[in-house]
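Student: File name protein.txt; file contents compact mmCIF, C-alpha atoms and all ligand atoms; full text below.
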```
# COMPACT_ATOMS: atom_id res chain seq x y z
CA MET A 3 7.64 12.31 25.67
CA ILE A 4 7.01 13.47 22.07
CA GLU A 5 7.03 10.53 19.67
CA GLU A 6 9.43 10.95 16.75
CA TYR A 7 8.00 11.39 13.25
CA THR A 8 8.94 8.44 11.05
CA PRO A 9 7.96 7.44 7.45
CA LEU A 10 5.00 5.44 8.78
CA ASP A 11 3.34 8.69 9.90
CA SER A 12 3.16 9.83 6.27
CA CYS A 13 1.04 6.77 5.33
CA LYS A 14 -2.49 8.10 5.56
CA LEU A 15 -5.97 6.68 5.34
CA LEU A 16 -7.94 8.86 2.95
CA ASN A 17 -11.72 9.09 2.77
CA LEU A 18 -12.62 9.25 -0.91
CA SER A 19 -15.50 11.51 -1.76
CA THR A 20 -18.38 9.71 -3.37
CA ILE A 21 -20.92 10.89 -5.91
CA ALA A 22 -24.00 9.01 -4.83
CA ASP A 23 -27.56 8.77 -6.06
CA GLU A 24 -30.23 6.09 -6.10
CA ARG A 25 -28.42 4.33 -8.99
CA GLY A 26 -25.26 3.80 -6.95
CA ASN A 27 -21.92 5.45 -6.24
CA ILE A 28 -18.97 6.89 -8.14
CA CYS A 29 -15.55 7.42 -6.56
CA VAL A 30 -13.13 9.58 -8.56
CA LEU A 31 -9.36 9.64 -8.12
CA GLU A 32 -7.41 12.27 -10.01
CA GLY A 33 -3.62 12.32 -10.20
CA GLN A 34 -1.94 15.21 -8.37
CA THR A 35 -5.22 16.46 -6.89
CA SER A 36 -6.78 13.66 -4.84
CA ILE A 37 -3.57 11.60 -5.21
CA PRO A 38 -0.25 13.21 -4.28
CA PHE A 39 1.66 11.82 -7.29
CA ILE A 40 1.33 11.27 -11.02
CA ILE A 41 -0.13 7.81 -11.63
CA LYS A 42 2.13 5.80 -13.96
CA ARG A 43 0.77 2.32 -13.29
CA VAL A 44 -2.47 0.75 -12.14
CA TYR A 45 -2.82 -2.89 -11.15
CA TYR A 46 -5.11 -5.00 -9.03
CA LEU A 47 -4.88 -8.20 -7.04
CA PHE A 48 -7.78 -10.62 -7.00
CA ASP A 49 -8.49 -14.34 -6.42
CA CYS A 50 -5.80 -14.30 -3.72
CA PRO A 51 -6.18 -17.31 -1.40
CA ILE A 52 -6.57 -16.23 2.22
CA GLU A 53 -4.00 -18.75 3.48
CA PHE A 54 -1.11 -16.99 1.71
CA GLN A 55 0.65 -13.77 2.60
CA ARG A 56 1.54 -11.21 -0.07
CA GLY A 57 3.83 -8.20 0.04
CA GLY A 58 6.88 -9.02 2.11
CA HIS A 59 8.85 -6.15 0.66
CA ALA A 60 9.43 -2.41 0.67
CA HIS A 61 10.02 0.03 -2.18
CA LYS A 62 12.94 2.44 -2.27
CA ASN A 63 11.15 5.20 -4.19
CA LEU A 64 7.73 4.01 -5.32
CA ARG A 65 4.64 5.67 -3.88
CA GLN A 66 1.34 3.83 -3.94
CA LEU A 67 -2.29 4.23 -3.04
CA ILE A 68 -4.19 1.04 -2.28
CA ILE A 69 -7.93 0.49 -2.08
CA ALA A 70 -9.90 -2.67 -1.24
CA LEU A 71 -12.51 -2.34 -3.97
CA ASN A 72 -14.25 -5.43 -2.64
CA GLY A 73 -13.87 -7.66 0.40
CA GLU A 74 -11.37 -7.28 3.23
CA VAL A 75 -7.60 -7.03 3.19
CA ASN A 76 -5.25 -6.72 6.15
CA VAL A 77 -2.12 -4.63 5.68
CA ARG A 78 0.75 -4.57 8.17
CA LEU A 79 3.10 -1.64 7.71
CA ASP A 80 6.56 -1.28 9.20
CA ASP A 81 9.08 1.52 8.66
CA GLY A 82 11.88 -0.06 10.70
CA PHE A 83 10.94 2.02 13.74
CA LYS A 84 7.21 1.55 14.17
CA ASN A 85 4.54 -0.72 12.79
CA ARG A 86 0.81 -0.48 12.26
CA GLU A 87 -1.89 -2.86 11.12
CA ILE A 88 -4.86 -1.70 9.06
CA THR A 89 -7.85 -3.57 7.67
CA LEU A 90 -9.09 -2.16 4.38
CA ASN A 91 -12.71 -3.03 3.72
CA SER A 92 -14.29 -0.12 1.91
CA PRO A 93 -14.05 1.12 -1.70
CA THR A 94 -14.22 4.67 -0.32
CA THR A 95 -11.06 4.33 1.79
CA ALA A 96 -7.57 4.55 0.33
CA LEU A 97 -4.28 3.94 2.10
CA SER A 98 -1.27 5.90 0.87
CA LEU A 99 2.08 4.13 1.08
CA SER A 100 5.27 6.16 1.16
CA PRO A 101 8.67 4.87 0.06
CA MET A 102 10.59 2.69 2.53
CA ILE A 103 7.57 1.04 4.10
CA TRP A 104 7.72 -2.72 4.56
CA ARG A 105 4.27 -4.23 3.94
CA ASP A 106 2.76 -7.63 4.59
CA ILE A 107 -0.61 -8.14 2.96
CA GLN A 108 -3.18 -10.78 3.79
CA PHE A 109 -6.46 -11.23 1.97
CA LEU A 110 -9.10 -11.86 4.64
CA THR A 111 -11.94 -12.70 2.26
CA PRO A 112 -11.56 -14.69 -0.99
CA ASN A 113 -13.65 -12.15 -2.93
CA ALA A 114 -11.29 -9.26 -2.09
CA VAL A 115 -9.96 -7.06 -4.89
CA LEU A 116 -7.08 -4.74 -4.07
CA LEU A 117 -6.50 -1.82 -6.43
CA VAL A 118 -3.01 -0.30 -6.51
CA LEU A 119 -2.19 3.07 -8.04
CA ALA A 120 1.56 3.54 -8.37
CA SER A 121 3.84 6.49 -9.04
CA ASP A 122 6.07 4.55 -11.42
CA VAL A 123 6.31 1.61 -13.76
CA TYR A 124 7.41 -1.79 -12.51
CA ASP A 125 11.09 -1.95 -11.59
CA GLU A 126 12.44 -4.93 -9.64
CA ASN A 127 15.46 -2.81 -8.62
CA ASP A 128 13.14 -0.58 -6.60
CA TYR A 129 12.18 -3.53 -4.34
CA ILE A 130 13.82 -4.47 -1.05
CA ARG A 131 12.76 -8.06 -0.46
CA ASP A 132 14.98 -8.95 2.48
CA TYR A 133 13.71 -7.66 5.84
CA ASN A 134 17.18 -7.37 7.39
CA ASP A 135 18.38 -5.33 4.39
CA PHE A 136 15.29 -3.17 4.72
CA GLN A 137 15.86 -2.56 8.42
CA ARG A 138 19.50 -1.63 7.84
CA GLN A 139 18.57 0.85 5.10
CA ALA A 140 15.63 2.25 7.08
CA ILE A 141 17.74 2.95 10.14
CA ASP A 142 20.78 4.23 8.23
CA PRO A 143 19.63 5.54 4.79
P1 LIG A 201 4.94 -8.41 -5.95
O1 LIG A 201 4.98 -6.93 -6.12
O2 LIG A 201 6.03 -9.06 -5.15
O3 LIG A 201 3.54 -8.87 -5.37
P2 LIG A 201 2.77 -8.53 -3.99
O4 LIG A 201 3.44 -7.39 -3.31
O5 LIG A 201 1.39 -8.22 -4.44
O6 LIG A 201 2.79 -9.78 -3.18
O7 LIG A 201 4.88 -9.05 -7.41
C1 LIG A 201 4.67 -10.44 -7.60
C2 LIG A 201 5.32 -10.83 -8.92
O8 LIG A 201 4.73 -10.12 -9.99
C3 LIG A 201 6.81 -10.51 -8.96
O9 LIG A 201 7.47 -11.56 -9.62
C4 LIG A 201 6.91 -9.26 -9.80
C5 LIG A 201 5.70 -9.35 -10.70
N1 LIG A 201 5.14 -8.01 -11.03
C6 LIG A 201 5.32 -7.48 -12.31
O10 LIG A 201 5.93 -8.11 -13.20
N2 LIG A 201 4.80 -6.25 -12.59
C7 LIG A 201 4.11 -5.53 -11.67
O11 LIG A 201 3.66 -4.38 -11.96
C8 LIG A 201 3.94 -6.09 -10.35
C9 LIG A 201 3.20 -5.34 -9.28
C10 LIG A 201 4.47 -7.33 -10.08
```
Using the file provided, produce a representation of the structure as structure tokens.

Tutor:
Amino acid sequence: MIEEYTPLDSCKLLNLSTIADERGNICVLEGQTSIPFIIKRVYYLFDCPIEFQRGGHAHKNLRQLIIALNGEVNVRLDDGFKNREITLNSPTTALSLSPMIWRDIQFLTPNAVLLVLASDVYDENDYIRDYNDFQRQAIDP
């Protein structure tokens, strides 16, 4: 049986190219070339206690790229049809998040820093914070 393509399949792990020499590494992210959208907002999460869960929402239109710059972060993705769990633990790996992906985020190490590049400015109306609402909209857009 051929598995149906759903929004989760468009969430990709990207290997970021690194400029390395004996002094250390540089990772470059350029909007519209290495990132498939224009970056309108950058934010980062840090000092997040490991006993709490973050996320717990989906975005209607926002596209994001997330990178664990330091430490380890677990991300559970769900598009209403399928789910997938990913541990981010490298500053050279980015995870792209498409619209309509429910995400639960757990910091696994207290030193973790999660960088988020976003396609738009903050808009609370773009959030779906109720899982049942999300599932309804995901199944019947
Ligand atoms: P939220 O996106 O729910 O956090 P996370 O997904 O990391 O758990 O945001 C937490 C709070 O911060 C919420 O009240 C909205 C606010 N916020 C802003 O005001 N601007 C922003 O750019 C972001 C990302 C959040």

Student: Give me, as JSON lines, the closest atom pair and its distance (Å, one decimal) for every residue of chain A within a cut-off of 6 Å of ligand LIG 201 (chain A), counting only C-alpha atoms and all ligand atoms, rows sorted by chain and rising number.

Tutor:
```
{"residue": "A:Arg56", "atom": "CA", "partner": "A:LIG201", "partner_atom": "O6", "distance": 3.6}
{"residue": "A:Gly57", "atom": "CA", "partner": "A:LIG201", "partner_atom": "O4", "distance": 3.5}
{"residue": "A:Tyr124", "atom": "CA", "partner": "A:LIG201", "partner_atom": "O11", "distance": 4.6}
```

Student: Using all atoms listed in the file, tabulate the residues of region 45-79 of chain A lying at most 8 Å from any atom of region 117-121 of chain A, each with its closest atom pair and that distance in Å to one decimal, by chain and increasing residue number, as a Markdown table.

Tutor:
```
| residue | atom | partner | partner_atom | distance |
| --- | --- | --- | --- | --- |
| A:Tyr45 | CA | A:Val118 | CA | 5.3 |
| A:Tyr46 | CA | A:Leu117 | CA | 4.3 |
| A:Leu47 | CA | A:Leu117 | CA | 6.6 |
| A:Leu64 | CA | A:Ser121 | CA | 5.9 |
| A:Arg65 | CA | A:Ser121 | CA | 5.3 |
| A:Gln66 | CA | A:Ala120 | CA | 4.4 |
| A:Leu67 | CA | A:Leu119 | CA | 5.1 |
| A:Ile68 | CA | A:Val118 | CA | 4.6 |
| A:Ile69 | CA | A:Leu117 | CA | 5.1 |
| A:Ala70 | CA | A:Leu117 | CA | 6.3 |
| A:Leu71 | CA | A:Leu117 | CA | 6.5 |
```

Student: I need the chosen residues saved as an mmCIF file, keeping the file's coordinate frame, with C-alpha atoms.

Tutor:
```
data_model
loop_
_atom_site.group_PDB
_atom_site.id
_atom_site.type_symbol
_atom_site.label_atom_id
_atom_site.label_comp_id
_atom_site.auth_asym_id
_atom_site.auth_seq_id
_atom_site.Cartn_x
_atom_site.Cartn_y
_atom_site.Cartn_z
ATOM 1 C CA TYR A 45 -2.820 -2.890 -11.150
ATOM 2 C CA TYR A 46 -5.110 -5.000 -9.030
ATOM 3 C CA LEU A 47 -4.880 -8.200 -7.040
ATOM 4 C CA LEU A 64 7.730 4.010 -5.320
ATOM 5 C CA ARG A 65 4.640 5.670 -3.880
ATOM 6 C CA GLN A 66 1.340 3.830 -3.940
ATOM 7 C CA LEU A 67 -2.290 4.230 -3.040
ATOM 8 C CA ILE A 68 -4.190 1.040 -2.280
ATOM 9 C CA ILE A 69 -7.930 0.490 -2.080
ATOM 10 C CA ALA A 70 -9.900 -2.670 -1.240
ATOM 11 C CA LEU A 71 -12.510 -2.340 -3.970
#
```

Student: With region 4-8 of chain A as the partner and 10 Å as the cut-off, tabulate the residues of region 54-121 of chain A that qualify, each row holding the nearest pair of atoms and their distance in Å to one decimal, using all atoms listed in the file, sorted by chain and rising number, as a tab-separated table.

Tutor:
```
residue	atom	partner	partner_atom	distance
A:Asp81	CA	A:Thr8	CA	7.3
A:Gly82	CA	A:Thr8	CA	9.0
A:Phe83	CA	A:Thr8	CA	7.2
A:Lys84	CA	A:Thr8	CA	7.8
```

Student: As an exercise, work out the distance from CA of Leu116 (chain A) to CA of Asn76 (chain A) in Å and give it to one decimal place.

Tutor: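 Computing it gives 10.6 Å between the two atoms.
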
Student: Between A:Gln137, A:Thr95, A:Gln55, A:Asn127, which residue has the minimum interatomic distance to Ile107 (chain A), considering only C-alpha atoms?

Tutor: A:Gln55

Student: Taking all atoms listed in the file into account, name the residue in A:Met102, A:Ala22, A:Val30, A:Val75 that is nearest to Ile52 (chain A).

Tutor: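 Ranking A:Met102, A:Ala22, A:Val30, A:Val75 by distance to Ile52 (chain A), first place goes to A:Val75.
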
Student: If we count only C-alpha atoms, what is near Arg131 (chain A) at a cut-off of 10 Å, once residues fewer than 3 positions away on the same chain are taken out, given as a tab-separated table (two decimals) with C-alpha atoms, in the coordinates of the input?

Tutor:
```tsv
chain	number	residue	atom	x	y	z
A	57	GLY	CA	3.83	-8.20	0.04
A	58	GLY	CA	6.88	-9.02	2.11
A	59	HIS	CA	8.85	-6.15	0.66
A	60	ALA	CA	9.43	-2.41	0.67
A	61	HIS	CA	10.02	0.03	-2.18
A	104	TRP	CA	7.72	-2.72	4.56
A	126	GLU	CA	12.44	-4.93	-9.64
A	128	ASP	CA	13.14	-0.58	-6.60
A	134	ASN	CA	17.18	-7.37	7.39
A	135	ASP	CA	18.38	-5.33	4.39
A	136	PHE	CA	15.29	-3.17	4.72
```

Student: When you draw a straight line from CA of Ile103 (chain A) to CA of Pro9 (chain A), how long is it in Å?

Tutor: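 Going from CA of Ile103 (chain A) over to CA of Pro9 (chain A) covers 7.2 Å.
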
Student: Excluding Ile21 (chain A) and residues on its chain fewer than 6 positions from it, collect all residues at most 12 Å away from it, counting all atoms listed in the file, and give them as an NGL selection string.

Tutor: :A and (27-31 or 94)

Student: Between CA of Asn72 (chain A) and CA of Glu53 (chain A), measure the distance and give it in Å to one decimal.

Tutor: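 That distance, rounded to one decimal, is 17.9 Å.
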
Student: Nearest to Asp125 (chain A) among A:Leu110, A:Asn63, A:Leu90, A:Ser98, with distances taken over all atoms listed in the file: which residue is it?

Tutor: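 Checking each candidate against Asp125 (chain A), we get A:Asn63 as the closest.
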
Student: Which residues come within 7 Å of Cys13 (chain A), counting only C-alpha atoms, excluding same-chain residues fewer than 4 positions away, as an MDAnalysis selection string?

Tutor: chainID A and resid 97:100

Student: I need the residue nearest Pro101 (chain A) from this list: A:Ile37, A:Leu79, A:Glu74, A:Arg138. Use all atoms listed in the file for the distance.

Tutor: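 Among A:Ile37, A:Leu79, A:Glu74, A:Arg138, it is A:Leu79 that comes nearest to Pro101 (chain A).
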
Student: So, counting all atoms listed in the file, which residue among A:Tyr129, A:Pro93, A:Ile41, A:Val77 is closest to Gln108 (chain A)?

Tutor: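 Once distances to Gln108 (chain A) are computed over all atoms listed in the file, the minimum belongs to A:Val77.
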
Student: Just the residues within 6 Å of Gly73 (chain A), please, counting only C-alpha atoms, with nothing from its chain fewer than 5 positions along; format it as a PyMOL selection string.

Tutor: chain A and resi 91+111+113-114

Student: Which residue out of A:Phe54, A:Ser19, A:Val115, A:Ile88 has the minimum interatomic distance to Ser36 (chain A) when only C-alpha atoms are used?

Tutor: A:Ser19
